[in-house]
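*Asks:* Quick one, run-v8.txt (compact mmCIF, C-alpha atoms):
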# COMPACT_ATOMS: atom_id res chain seq x y z
CA MET X 264 -8.78 20.71 -29.98
CA GLU X 265 -8.23 20.24 -26.25
CA LYS X 266 -4.96 18.57 -25.30
CA PRO X 267 -5.60 15.22 -23.55
CA SER X 268 -4.75 15.20 -19.84
CA ILE X 269 -5.49 13.41 -16.57
CA PRO X 270 -6.30 14.89 -13.13
CA LYS X 271 -3.35 16.01 -11.03
CA GLY X 272 -2.29 13.39 -8.53
CA THR X 273 -3.20 10.47 -10.81
CA ARG X 274 -1.02 8.46 -13.17
CA ASP X 275 -1.20 6.27 -16.26
CA PHE X 276 0.89 3.10 -16.23
CA SER X 277 2.26 1.73 -19.49
CA PRO X 278 2.34 -2.03 -20.20
CA ALA X 279 6.03 -2.16 -19.21
CA GLU X 280 5.23 -0.39 -15.94
CA MET X 281 2.26 -2.65 -15.29
CA VAL X 282 4.42 -5.76 -15.66
CA ARG X 283 6.59 -4.40 -12.84
CA ARG X 284 3.63 -3.34 -10.75
CA ASN X 285 2.06 -6.77 -11.13
CA TYR X 286 5.32 -8.34 -9.96
CA MET X 287 5.15 -6.15 -6.87
CA PHE X 288 1.45 -6.90 -6.24
CA ASP X 289 1.97 -10.63 -6.77
CA THR X 290 4.88 -10.63 -4.32
CA ILE X 291 2.87 -8.81 -1.65
CA ARG X 292 -0.20 -10.97 -2.26
CA SER X 293 1.82 -14.18 -1.95
CA VAL X 294 3.14 -13.14 1.47
CA PHE X 295 -0.36 -12.20 2.65
CA ALA X 296 -1.63 -15.63 1.61
CA LEU X 297 1.40 -17.31 3.22
CA TYR X 298 0.36 -15.82 6.55
CA GLY X 299 -3.21 -17.09 6.22
CA PHE X 300 -4.99 -13.89 5.19
CA ALA X 301 -7.98 -14.28 2.82
CA PRO X 302 -8.79 -11.87 -0.06
CA LEU X 303 -11.59 -9.29 0.15
CA GLU X 304 -12.87 -6.40 -1.98
CA THR X 305 -15.27 -3.57 -1.12
CA PRO X 306 -16.91 -0.88 -3.33
CA ALA X 307 -14.95 2.16 -4.47
CA MET X 308 -17.60 4.40 -2.91
CA GLU X 309 -19.13 4.27 0.55
CA ASN X 310 -21.91 6.22 2.23
CA LEU X 311 -20.52 9.42 3.73
CA SER X 312 -22.04 8.35 7.04
CA THR X 313 -19.58 5.42 6.95
CA LEU X 314 -16.55 7.60 6.22
CA LEU X 315 -17.03 10.88 8.09
CA GLY X 316 -15.61 11.19 11.59
CA LYS X 317 -13.26 8.20 11.29
CA TYR X 318 -10.10 10.00 10.16
CA GLY X 319 -10.07 13.13 12.28
CA GLU X 320 -10.83 16.68 11.25
CA GLU X 321 -8.02 16.86 8.68
CA GLY X 322 -8.94 13.50 7.17
CA ASP X 323 -12.57 14.52 6.68
CA LYS X 324 -11.40 17.48 4.60
CA LEU X 325 -9.57 15.13 2.23
CA LEU X 326 -12.59 12.98 1.37
CA PHE X 327 -13.67 13.03 -2.27
CA ARG X 328 -17.44 13.48 -2.21
CA ILE X 329 -19.62 12.19 -5.04
CA LEU X 330 -22.54 14.25 -6.33
CA ASN X 331 -25.89 12.51 -6.07
CA SER X 332 -27.08 11.24 -9.42
CA GLY X 333 -30.08 12.63 -11.24
CA ASP X 334 -31.69 15.99 -10.60
CA PHE X 335 -30.38 16.22 -7.04
CA ALA X 336 -30.83 20.00 -6.87
CA SER X 337 -34.56 20.01 -7.59
CA GLY X 338 -36.79 20.79 -4.65
CA VAL X 339 -34.05 22.41 -2.56
CA THR X 340 -35.77 24.54 0.06
CA ALA X 341 -34.77 28.01 1.24
CA ALA X 342 -33.95 26.53 4.64
CA GLU X 343 -31.54 24.05 3.04
CA LEU X 344 -29.89 26.81 1.03
CA ALA X 345 -29.28 28.69 4.28
CA ASP X 346 -27.86 25.63 6.04
CA PRO X 347 -24.54 24.40 4.49
CA ARG X 348 -24.81 21.02 6.27
CA ALA X 349 -28.32 20.36 4.99
CA LEU X 350 -27.35 21.47 1.49
CA ALA X 351 -24.27 19.21 1.52
CA GLY X 352 -26.48 16.26 2.46
CA ARG X 353 -28.84 17.03 -0.41
CA ILE X 354 -25.98 17.30 -2.93
CA SER X 355 -23.78 14.41 -1.79
CA GLU X 356 -24.45 11.29 0.28
CA LYS X 357 -21.52 9.16 -0.92
CA GLY X 358 -17.74 9.46 -1.11
CA LEU X 359 -14.74 7.63 -2.54
CA ARG X 360 -13.05 5.49 0.10
CA TYR X 361 -10.20 7.20 1.96
CA ASP X 362 -8.58 3.95 3.08
CA LEU X 363 -9.41 0.24 3.23
CA THR X 364 -9.68 -0.10 7.02
CA VAL X 365 -12.98 1.70 7.61
CA PRO X 366 -14.73 -0.13 4.73
CA PHE X 367 -13.32 -3.36 6.18
CA ALA X 368 -14.76 -2.53 9.61
CA ARG X 369 -18.12 -1.76 7.97
CA PHE X 370 -17.98 -5.11 6.13
CA VAL X 371 -17.20 -7.02 9.33
CA ALA X 372 -20.06 -5.40 11.24
CA GLN X 373 -22.47 -5.93 8.34
CA ARG X 374 -21.47 -9.59 7.83
CA GLN X 375 -20.67 -10.53 11.43
CA GLY X 376 -23.03 -13.51 11.36
CA GLU X 377 -21.14 -15.03 8.41
CA ILE X 378 -17.59 -14.52 9.69
CA ALA X 379 -15.43 -16.84 11.79
CA PHE X 380 -13.47 -14.75 14.29
CA PRO X 381 -10.65 -13.88 14.47
CA PHE X 382 -11.07 -12.87 10.84
CA ARG X 383 -7.91 -12.43 8.75
CA ARG X 384 -8.24 -10.62 5.45
CA TYR X 385 -6.11 -8.89 2.85
CA GLN X 386 -7.31 -6.27 0.39
CA ILE X 387 -5.49 -4.71 -2.59
CA GLN X 388 -7.49 -1.82 -4.08
CA PRO X 389 -7.18 1.90 -4.91
CA VAL X 390 -8.13 4.69 -2.49
CA TRP X 391 -8.61 8.42 -3.05
CA ARG X 392 -7.62 11.50 -1.07
CA ALA X 393 -8.14 15.15 -2.05
CA ASP X 394 -4.58 15.99 -1.05
CA ARG X 395 -2.13 18.41 -2.64
CA PRO X 396 -0.16 16.35 -5.19
CA GLN X 397 3.62 16.24 -4.69
CA LYS X 398 6.45 13.73 -4.89
CA GLY X 399 5.29 10.47 -3.39
CA ARG X 400 1.82 11.85 -2.60
CA TYR X 401 -1.04 11.04 -4.98
CA ARG X 402 -4.79 11.59 -5.08
CA GLU X 403 -5.40 8.08 -6.36
CA PHE X 404 -3.18 5.28 -5.13
CA TYR X 405 -3.24 1.61 -4.25
CA GLN X 406 -3.12 0.22 -0.74
CA CYS X 407 -2.36 -3.37 0.15
CA ASP X 408 -3.90 -4.08 3.55
CA VAL X 409 -3.79 -6.99 5.98
CA ASP X 410 -5.94 -7.02 9.12
CA MET X 411 -6.82 -9.47 11.85
CA ILE X 412 -9.98 -8.61 13.76
CA GLY X 413 -11.64 -10.35 16.70
CA SER X 414 -8.64 -10.83 19.00
CA ARG X 415 -6.72 -8.61 21.42
CA SER X 416 -3.67 -10.89 21.39
CA LEU X 417 -0.36 -9.17 20.71
CA LEU X 418 0.43 -12.06 18.38
CA GLY X 419 -1.56 -10.02 15.85
CA GLU X 420 1.06 -7.27 16.02
CA VAL X 421 3.87 -9.82 15.85
CA GLU X 422 2.31 -11.42 12.75
CA LEU X 423 2.20 -8.04 11.05
CA VAL X 424 5.85 -7.39 11.87
CA GLY X 425 6.58 -10.76 10.23
CA VAL X 426 4.58 -9.78 7.15
CA VAL X 427 6.49 -6.49 6.85
CA ASN X 428 9.79 -8.32 7.25
CA GLU X 429 8.97 -10.91 4.57
CA VAL X 430 7.42 -8.54 2.02
CA PHE X 431 10.37 -6.17 1.96
CA ARG X 432 12.89 -9.03 2.11
CA ARG X 433 11.35 -10.48 -1.05
CA LEU X 434 11.17 -7.09 -2.77
CA GLY X 435 14.77 -6.30 -1.80
CA VAL X 436 13.89 -2.97 -0.13
CA ALA X 437 15.91 -2.05 2.98
CA VAL X 438 13.48 -0.54 5.50
CA THR X 439 13.14 0.64 9.08
CA LEU X 440 9.95 -0.23 10.95
CA LYS X 441 9.07 2.48 13.45
CA ILE X 442 6.67 1.47 16.20
CA ASN X 443 4.94 3.29 19.04
CA ASN X 444 1.77 2.87 21.10
CA ARG X 445 -1.20 5.20 21.48
CA LYS X 446 -1.41 4.17 25.13
CA ILE X 447 2.12 5.51 25.61
CA LEU X 448 1.07 8.74 23.92
CA ALA X 449 -2.00 8.93 26.18
CA GLY X 450 0.30 8.39 29.15
CA ILE X 451 2.60 11.18 27.98
CA ALA X 452 -0.39 13.53 27.61
CA GLN X 453 -1.50 12.57 31.11
CA THR X 454 1.99 13.08 32.53
CA ILE X 455 2.29 16.61 31.14
CA GLY X 456 -1.17 17.49 32.47
CA HIS X 457 -3.20 17.45 29.26
CA SER X 458 -4.89 14.03 29.12
CA ASP X 459 -7.97 15.69 27.63
CA ARG X 460 -5.98 17.04 24.65
CA ILE X 461 -4.55 13.75 23.32
CA VAL X 462 -5.91 14.36 19.80
CA GLU X 463 -4.32 17.81 19.46
CA ILE X 464 -1.03 16.52 20.87
CA THR X 465 -0.82 13.48 18.58
CA VAL X 466 -1.77 15.45 15.45
CA ALA X 467 1.04 17.92 16.18
CA ILE X 468 3.84 15.52 17.16
CA ASP X 469 3.05 13.29 14.18
CA LYS X 470 4.55 16.13 12.09
CA LEU X 471 7.84 16.15 14.04
CA GLU X 472 9.95 14.54 11.32
CA LYS X 473 8.54 16.87 8.65
CA ILE X 474 8.62 20.24 10.39
CA GLY X 475 10.99 19.86 13.37
CA ILE X 476 10.59 20.21 17.13
CA GLU X 477 10.35 24.01 17.24
CA ALA X 478 7.50 24.12 14.72
CA VAL X 479 5.74 21.31 16.59
CA ASN X 480 6.09 23.24 19.86
CA ALA X 481 4.63 26.34 18.23
CA GLU X 482 1.69 24.33 16.88
CA LEU X 483 1.05 22.79 20.31
CA VAL X 484 0.94 26.22 21.92
CA ALA X 485 -1.37 27.45 19.15
CA ARG X 486 -3.64 24.48 19.90
CA GLY X 487 -3.92 25.57 23.52
CA ILE X 488 -1.26 23.37 25.17
CA SER X 489 0.47 25.31 27.95
CA PRO X 490 4.12 26.31 27.44
CA GLU X 491 5.02 24.38 30.63
CA ALA X 492 3.50 21.20 29.20
CA VAL X 493 5.28 21.73 25.87
CA ALA X 494 8.58 22.13 27.74
CA ALA X 495 7.90 18.91 29.67
CA LEU X 496 7.05 17.05 26.45
CA LYS X 497 10.26 17.86 24.58
CA PRO X 498 12.70 15.68 26.62
CA ILE X 499 10.26 12.75 26.44
CA LEU X 500 10.15 12.91 22.64
CA GLU X 501 13.95 13.11 22.57
CA LEU X 502 14.61 10.02 24.73
CA SER X 503 17.67 8.29 23.27
CA GLY X 504 19.18 4.80 23.27
CA ASP X 505 18.10 1.47 21.82
CA ASN X 506 14.62 0.01 22.27
CA SER X 507 15.46 -1.49 25.67
CA ASP X 508 16.89 1.82 26.91
CA LYS X 509 13.79 3.73 25.85
CA ILE X 510 11.48 1.14 27.43
CA SER X 511 13.41 1.40 30.69
CA LYS X 512 13.31 5.21 30.71
CA LEU X 513 9.61 5.27 29.86
CA LYS X 514 8.82 3.12 32.90
CA THR X 515 10.23 5.93 35.03
CA VAL X 516 8.76 8.84 33.05
CA LEU X 517 5.27 7.28 32.97
CA ALA X 518 5.35 5.80 36.48
CA CYS X 519 2.20 7.67 37.48
CA SER X 520 0.20 6.79 34.36
CA GLU X 521 -1.54 3.40 34.34
CA ILE X 522 -2.45 3.59 30.67
CA GLY X 523 1.07 4.72 29.74
CA LEU X 524 2.63 1.78 31.59
CA LYS X 525 0.20 -0.58 29.83
CA GLY X 526 1.48 0.70 26.50
CA VAL X 527 5.09 0.22 27.62
CA GLU X 528 4.28 -3.35 28.66
CA GLU X 529 2.76 -4.07 25.24
CA MET X 530 5.82 -2.71 23.45
CA GLU X 531 8.14 -4.75 25.64
CA SER X 532 6.19 -7.92 24.78
CA ILE X 533 6.25 -7.23 21.02
CA PHE X 534 10.01 -6.56 21.05
CA GLY X 535 10.49 -9.76 23.03
CA TYR X 536 8.62 -11.84 20.43
CA VAL X 537 10.49 -10.25 17.54
CA GLU X 538 13.85 -10.89 19.18
CA ALA X 539 12.94 -14.49 20.04
CA LEU X 540 11.90 -15.16 16.43
CA GLY X 541 15.22 -13.82 15.14
CA MET X 542 13.76 -11.33 12.67
CA SER X 543 16.47 -9.33 10.93
CA LEU X 544 14.16 -6.33 10.48
CA ASP X 545 15.40 -2.96 11.71
CA ILE X 546 12.63 -2.12 14.21
CA ARG X 547 12.75 0.96 16.44
CA LEU X 548 10.60 2.49 19.15
CA ASP X 549 9.88 6.05 17.96
CA LEU X 550 8.02 8.18 20.50
CA SER X 551 7.28 10.90 17.95
CA LEU X 552 5.27 8.45 15.85
CA ALA X 553 1.60 9.25 16.41
CA ARG X 554 -0.30 8.57 13.16
CA GLY X 555 -3.12 11.10 13.04
CA LEU X 556 -5.99 8.69 12.45
CA ASN X 557 -8.34 8.78 15.43
CA TYR X 558 -9.26 5.09 15.46
CA TYR X 559 -5.88 3.72 16.63
CA THR X 560 -5.83 2.65 20.29
CA GLY X 561 -2.67 0.54 20.76
CA ALA X 562 0.46 -0.25 18.77
CA ILE X 563 1.07 1.92 15.71
CA PHE X 564 3.48 1.17 12.85
CA GLU X 565 5.25 3.11 10.13
CA VAL X 566 7.79 1.85 7.61
CA LYS X 567 10.40 4.00 5.89
CA ALA X 568 12.76 3.09 3.06
CA ARG X 569 16.36 3.48 4.20
CA ASP X 570 17.98 4.18 0.83
CA TYR X 571 15.40 6.38 -0.89
CA GLU X 572 13.98 9.74 0.14
CA ILE X 573 10.20 9.44 0.30
CA GLY X 574 7.45 9.46 2.92
CA SER X 575 6.30 6.38 4.80
CA ILE X 576 5.66 3.37 2.55
CA CYS X 577 3.67 1.34 5.04
CA GLY X 578 1.69 2.04 8.21
CA GLY X 579 -1.02 0.78 10.52
CA GLY X 580 -1.87 -0.14 14.07
CA ARG X 581 -4.28 -1.55 16.66
CA TYR X 582 -7.88 -0.33 16.79
CA ASP X 583 -10.29 -1.47 19.52
CA ASP X 584 -13.46 0.49 18.83
CA LEU X 585 -13.82 0.92 15.09
CA THR X 586 -16.50 -1.71 14.44
CA GLY X 587 -18.48 -0.46 17.45
CA ILE X 588 -19.47 2.55 15.37
CA PHE X 589 -21.21 0.13 13.01
CA GLY X 590 -22.95 -1.92 15.70
CA LEU X 591 -20.29 -4.50 16.58
CA PRO X 592 -18.77 -3.36 19.92
CA ASN X 593 -15.81 -4.83 21.81
CA THR X 594 -14.15 -6.22 18.69
CA SER X 595 -10.46 -5.41 18.56
CA GLY X 596 -8.43 -5.47 15.39
CA VAL X 597 -4.93 -4.77 14.14
CA GLY X 598 -3.81 -4.07 10.59
CA ILE X 599 -1.17 -2.57 8.38
CA SER X 600 -1.30 -0.99 4.94
CA PHE X 601 1.42 -1.13 2.26
CA GLY X 602 1.48 1.96 0.03
CA ALA X 603 1.92 0.29 -3.34
CA ASP X 604 2.62 3.46 -5.34
CA ARG X 605 5.36 4.65 -3.03
CA ILE X 606 6.89 1.17 -2.88
CA TYR X 607 6.85 1.12 -6.68
CA ASP X 608 8.59 4.52 -6.77
CA VAL X 609 11.25 3.27 -4.34
CA MET X 610 11.89 0.08 -6.32
CA THR X 611 12.04 2.03 -9.59
CA GLY X 612 14.36 4.66 -8.14
CA LEU X 613 16.72 2.03 -6.73
CA ASP X 614 16.45 -0.27 -9.79
CA LEU X 615 15.30 -3.18 -7.64
CA PHE X 616 12.98 -4.91 -10.09
CA PRO X 617 14.49 -8.21 -11.31
CA GLU X 618 14.95 -8.74 -15.03
CA GLU X 619 12.01 -11.16 -15.21
CA ALA X 620 9.74 -8.41 -13.86
CA SER X 621 10.45 -6.40 -17.01
CA LEU X 622 9.71 -9.21 -19.46
CA GLY X 623 6.48 -9.54 -21.36
CA THR X 624 6.54 -11.40 -24.65
CA ARG X 625 9.71 -13.51 -24.92
CA VAL X 626 9.47 -14.37 -28.62
CA ILE X 627 7.57 -13.05 -31.61
CA PHE X 628 7.13 -14.94 -34.89
CA ILE X 629 7.63 -13.15 -38.18
CA ASN X 630 4.48 -13.47 -40.29
CA PHE X 631 5.12 -14.57 -43.90
CA GLY X 632 1.49 -15.50 -44.58
CA GLY X 633 0.28 -18.73 -46.16
CA ALA X 634 1.76 -22.07 -45.07
CA GLU X 635 4.53 -20.34 -43.13
CA GLU X 636 1.94 -18.44 -41.08
CA MET X 637 0.07 -21.67 -40.22
CA ALA X 638 3.30 -23.42 -39.22
CA SER X 639 4.19 -20.46 -37.00
CA LEU X 640 0.73 -20.55 -35.39
CA ARG X 641 1.17 -24.23 -34.51
CA LEU X 642 4.57 -23.54 -32.96
CA LEU X 643 3.09 -20.56 -31.16
CA ALA X 644 0.41 -22.76 -29.59
CA ARG X 645 3.05 -25.25 -28.41
CA LEU X 646 5.13 -22.51 -26.81
CA ARG X 647 2.13 -21.08 -24.99
CA GLN X 648 1.17 -24.53 -23.70
CA ALA X 649 4.73 -24.76 -22.34
CA GLY X 650 4.26 -21.45 -20.52
CA VAL X 651 6.36 -19.31 -22.86
CA ALA X 652 4.90 -15.85 -23.58
CA ALA X 653 4.83 -15.65 -27.35
CA GLU X 654 2.99 -13.92 -30.18
CA ILE X 655 2.93 -13.53 -33.95
CA TYR X 656 2.87 -10.29 -35.92
CA PRO X 657 -0.74 -10.04 -37.14
CA ASP X 658 0.01 -8.98 -40.72
CA ALA X 659 2.28 -10.43 -43.42
CA ALA X 660 4.16 -7.12 -43.64
CA LYS X 661 7.73 -6.47 -44.75
CA MET X 662 10.26 -8.17 -42.48
CA LYS X 663 11.98 -4.85 -41.72
CA LYS X 664 8.76 -3.45 -40.31
CA GLN X 665 8.19 -6.56 -38.20
CA MET X 666 11.75 -6.51 -36.84
CA GLU X 667 11.44 -2.81 -35.97
CA TYR X 668 8.22 -3.63 -34.12
CA ALA X 669 10.02 -6.31 -32.08
CA ASN X 670 12.74 -3.79 -31.22
CA ARG X 671 10.26 -1.13 -30.13
CA ARG X 672 8.50 -3.68 -27.92
CA ALA X 673 11.87 -4.83 -26.49
CA ILE X 674 10.97 -8.44 -27.32
CA PRO X 675 14.21 -10.37 -26.77
CA TYR X 676 13.76 -13.06 -29.47
CA VAL X 677 12.39 -13.21 -33.00
CA ALA X 678 11.46 -16.57 -34.56
CA ILE X 679 11.73 -16.82 -38.34
CA VAL X 680 9.87 -19.69 -40.03
CA GLY X 681 9.97 -18.97 -43.76
CA GLY X 682 9.94 -21.26 -46.77
CA ASP X 683 13.59 -22.32 -46.34
CA GLU X 684 13.04 -23.09 -42.65
CA LEU X 685 9.95 -25.20 -43.39
CA SER X 686 11.83 -27.23 -45.98
CA THR X 687 14.63 -28.01 -43.51
CA GLY X 688 12.40 -28.44 -40.47
CA ARG X 689 14.31 -25.80 -38.53
CA ALA X 690 13.47 -22.31 -37.26
CA LYS X 691 15.86 -19.39 -37.13
CA ILE X 692 15.89 -17.73 -33.67
CA LYS X 693 17.43 -14.26 -33.49
CA ASN X 694 18.55 -12.74 -30.18
CA MET X 695 17.58 -9.10 -30.54
CA LEU X 696 20.05 -7.94 -27.89
CA SER X 697 23.19 -9.63 -29.18
CA GLY X 698 22.18 -10.04 -32.82
CA GLU X 699 23.17 -13.73 -32.64
CA GLU X 700 21.13 -16.18 -34.75
CA GLN X 701 20.65 -19.88 -34.01
CA SER X 702 19.07 -22.65 -36.05
CA VAL X 703 16.68 -24.73 -33.92
CA CYS X 704 14.81 -27.92 -34.85
CA LEU X 705 11.08 -27.19 -34.92
CA ASP X 706 10.45 -30.09 -32.52
CA ASP X 707 12.94 -28.58 -30.02
CA ILE X 708 11.66 -25.00 -30.00
CA CYS X 709 10.01 -25.34 -26.57
CA ALA X 710 13.20 -26.73 -25.06
CA PHE X 711 15.14 -23.76 -26.45
CA PHE X 712 13.10 -21.35 -24.32
CA GLU X 713 13.13 -23.40 -21.10
What does the file become when written as structure tokens?
*Replies:*
Amino acid sequence: MEKPSIPKGTRDFSPAEMVRRNYMFDTIRSVFALYGFAPLETPAMENLSTLLGKYGEEGDKLLFRILNSGDFASGVTAAELADPRALAGRISEKGLRYDLTVPFARFVAQRQGEIAFPFRRYQIQPVWRADRPQKGRYREFYQCDVDMIGSRSLLGEVELVGVVNEVFRRLGVAVTLKINNRKILAGIAQTIGHSDRIVEITVAIDKLEKIGIEAVNAELVARGISPEAVAALKPILELSGDNSDKISKLKTVLACSEIGLKGVEEMESIFGYVEALGMSLDIRLDLSLARGLNYYTGAIFEVKARDYEIGSICGGGRYDDLTGIFGLPNTSGVGISFGADRIYDVMTGLDLFPEEASLGTRVIFINFGGAEEMASLRLLARLRQAGVAAEIYPDAAKMKKQMEYANRRAIPYVAIVGGDELSTGRAKIKNMLSGEEQSVCLDDICAFFE
């Protein structure tokens, strides 16, 4: 018999884990709603024509493609067999979504006549990437996205900084928000004489934290960037000081680049808003932050946990042209995505979930059958009406078995309503952690659990 297993890069979540995950999702969702974002869902699969070409060359390789249903191989011609592209189109026309942003852009373009712009939405759904599984990197994982589309105002970026600040404040996770601007990166590429190689440059420097400056330099040279340009790039990436110092130095370094100075101006405005609003968030201008996705055009964000070693737990940015691909040009948007699975790993590793996030059933009634069972069911209904999570053991089994079940489920209280308790009008409530037993009037049982 084959041993049961699941695909690498995916995970099961037990009921106890799901209680914690739901606490995390509910917290994130409540902040999204607080900031005026409305819920949205899109299909798990999209047409490949929607997905391909939106994430760069490396992103396209990580798309999970879905085989066409039915006898898709019948009628394949010799010409198609000789042409890998044609054969791929015959075999697969759909793929699992890689992120939530591109499907969102497709939705906006498709439903543009029904939407009031600027459109603010949040979306909490799983995505799939054919990546190599490792710590903190999964093939199936949840993203929690917020986007505002239909406005170029930098208040969109400021709102997202506020969302990041509030979500992680409520979850108790200490984070650093790194921010950069693709216009600054374009200005840097222009300054070092390679404005036409912005994609190659950003893909390489986005790996700086993982592989180090020397490896990045080697990759840039391998991608055709001249050694002189690589040498000129290094001191720019290593600019030091606080955000104001870096902004000041960039004005000098990018003095001859109009687009670079525009990016600096945008960053200066965002930092000004954040400071004026008194946000306590640790926010830093990081010139090595590039984010490899091709659709970003302005500010880009990345959030790292300060007290736990893991990759970024949140990221996003400004995109000006994404919906144009789907027939809705000149519609700017900005969004950010919270990586729920990594956030969950951080909170679990740092033991940040509150006690109530670990609680399911608070009290279970011992089942004695007969009149005692009916009395317990009536009390059970009253507790549930009062908002107390409660249940009864389904069978009139031996009490030892029922108590062991309560222990295995980590249910904190057991209610005993046997013949003696019915005759006195009182229930016996046992605290399973301390072993203490209390006698409670049946009419007061709801008040006991308040």
*Asks:* At most 12 Å is the cut-off: for each residue in range 481-530 of chain X with any atom that close to an atom of range 396-420 of chain X, write down the nearest atom pair and the distance in Å rounded to one decimal, counting all atoms listed in the file, chain first then increasing number, as a Markdown table.
*Replies:*
| residue | atom | partner | partner_atom | distance |
| --- | --- | --- | --- | --- |
| X:Gly526 | CA | X:Leu417 | CA | 11.6 |
| X:Glu528 | CA | X:Leu417 | CA | 10.9 |
| X:Glu529 | CA | X:Leu417 | CA | 7.5 |
| X:Met530 | CA | X:Leu417 | CA | 9.4 |
*Asks:* Nearest to Phe616 in chain X among X:Lys663, X:Arg433, X:Lys357, X:Arg672, with distances taken over all atoms listed in the file: which residue is it?
*Replies:*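 Closest to Phe616 in chain X of all the choices is X:Arg433.
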*Asks:* For Lys691 in chain X, please output as a PyMOL selection string all residues within 9 Å (counting all atoms listed in the file; exclusion window: fewer than 6 positions along the same chain).
*Replies:* chain X and resi 677-681+684+700-704
*Asks:* Could you write those residues out with C-alpha atoms, as a PDB file, in the coordinates of the input?
*Replies:*
ATOM      1  CA  VAL X 677      12.390 -13.210 -33.000  1.00  0.00           C
ATOM      2  CA  ALA X 678      11.460 -16.570 -34.560  1.00  0.00           C
ATOM      3  CA  ILE X 679      11.730 -16.820 -38.340  1.00  0.00           C
ATOM      4  CA  VAL X 680       9.870 -19.690 -40.030  1.00  0.00           C
ATOM      5  CA  GLY X 681       9.970 -18.970 -43.760  1.00  0.00           C
ATOM      6  CA  GLU X 684      13.040 -23.090 -42.650  1.00  0.00           C
ATOM      7  CA  GLU X 700      21.130 -16.180 -34.750  1.00  0.00           C
ATOM      8  CA  GLN X 701      20.650 -19.880 -34.010  1.00  0.00           C
ATOM      9  CA  SER X 702      19.070 -22.650 -36.050  1.00  0.00           C
ATOM     10  CA  VAL X 703      16.680 -24.730 -33.920  1.00  0.00           C
ATOM     11  CA  CYS X 704      14.810 -27.920 -34.850  1.00  0.00           C
TER      12      CYS X 704
END
*Asks:* Here's a test: counting only C-alpha atoms, identify every protein, DNA and RNA residue with an atom at most 10 Å from (4.0, -17.8, 6.7) in the file's coordinate frame, and state them as a PyMOL selection string.
*Replies:* chain X and resi 293-300+422+425-426+429
*Asks:* Looking at X:Lys509, X:Lys446, X:Arg392, X:Lys271, which one is nearest to Gly322 in chain X, with distances taken over all atoms listed in the file?
*Replies:* X:Arg392
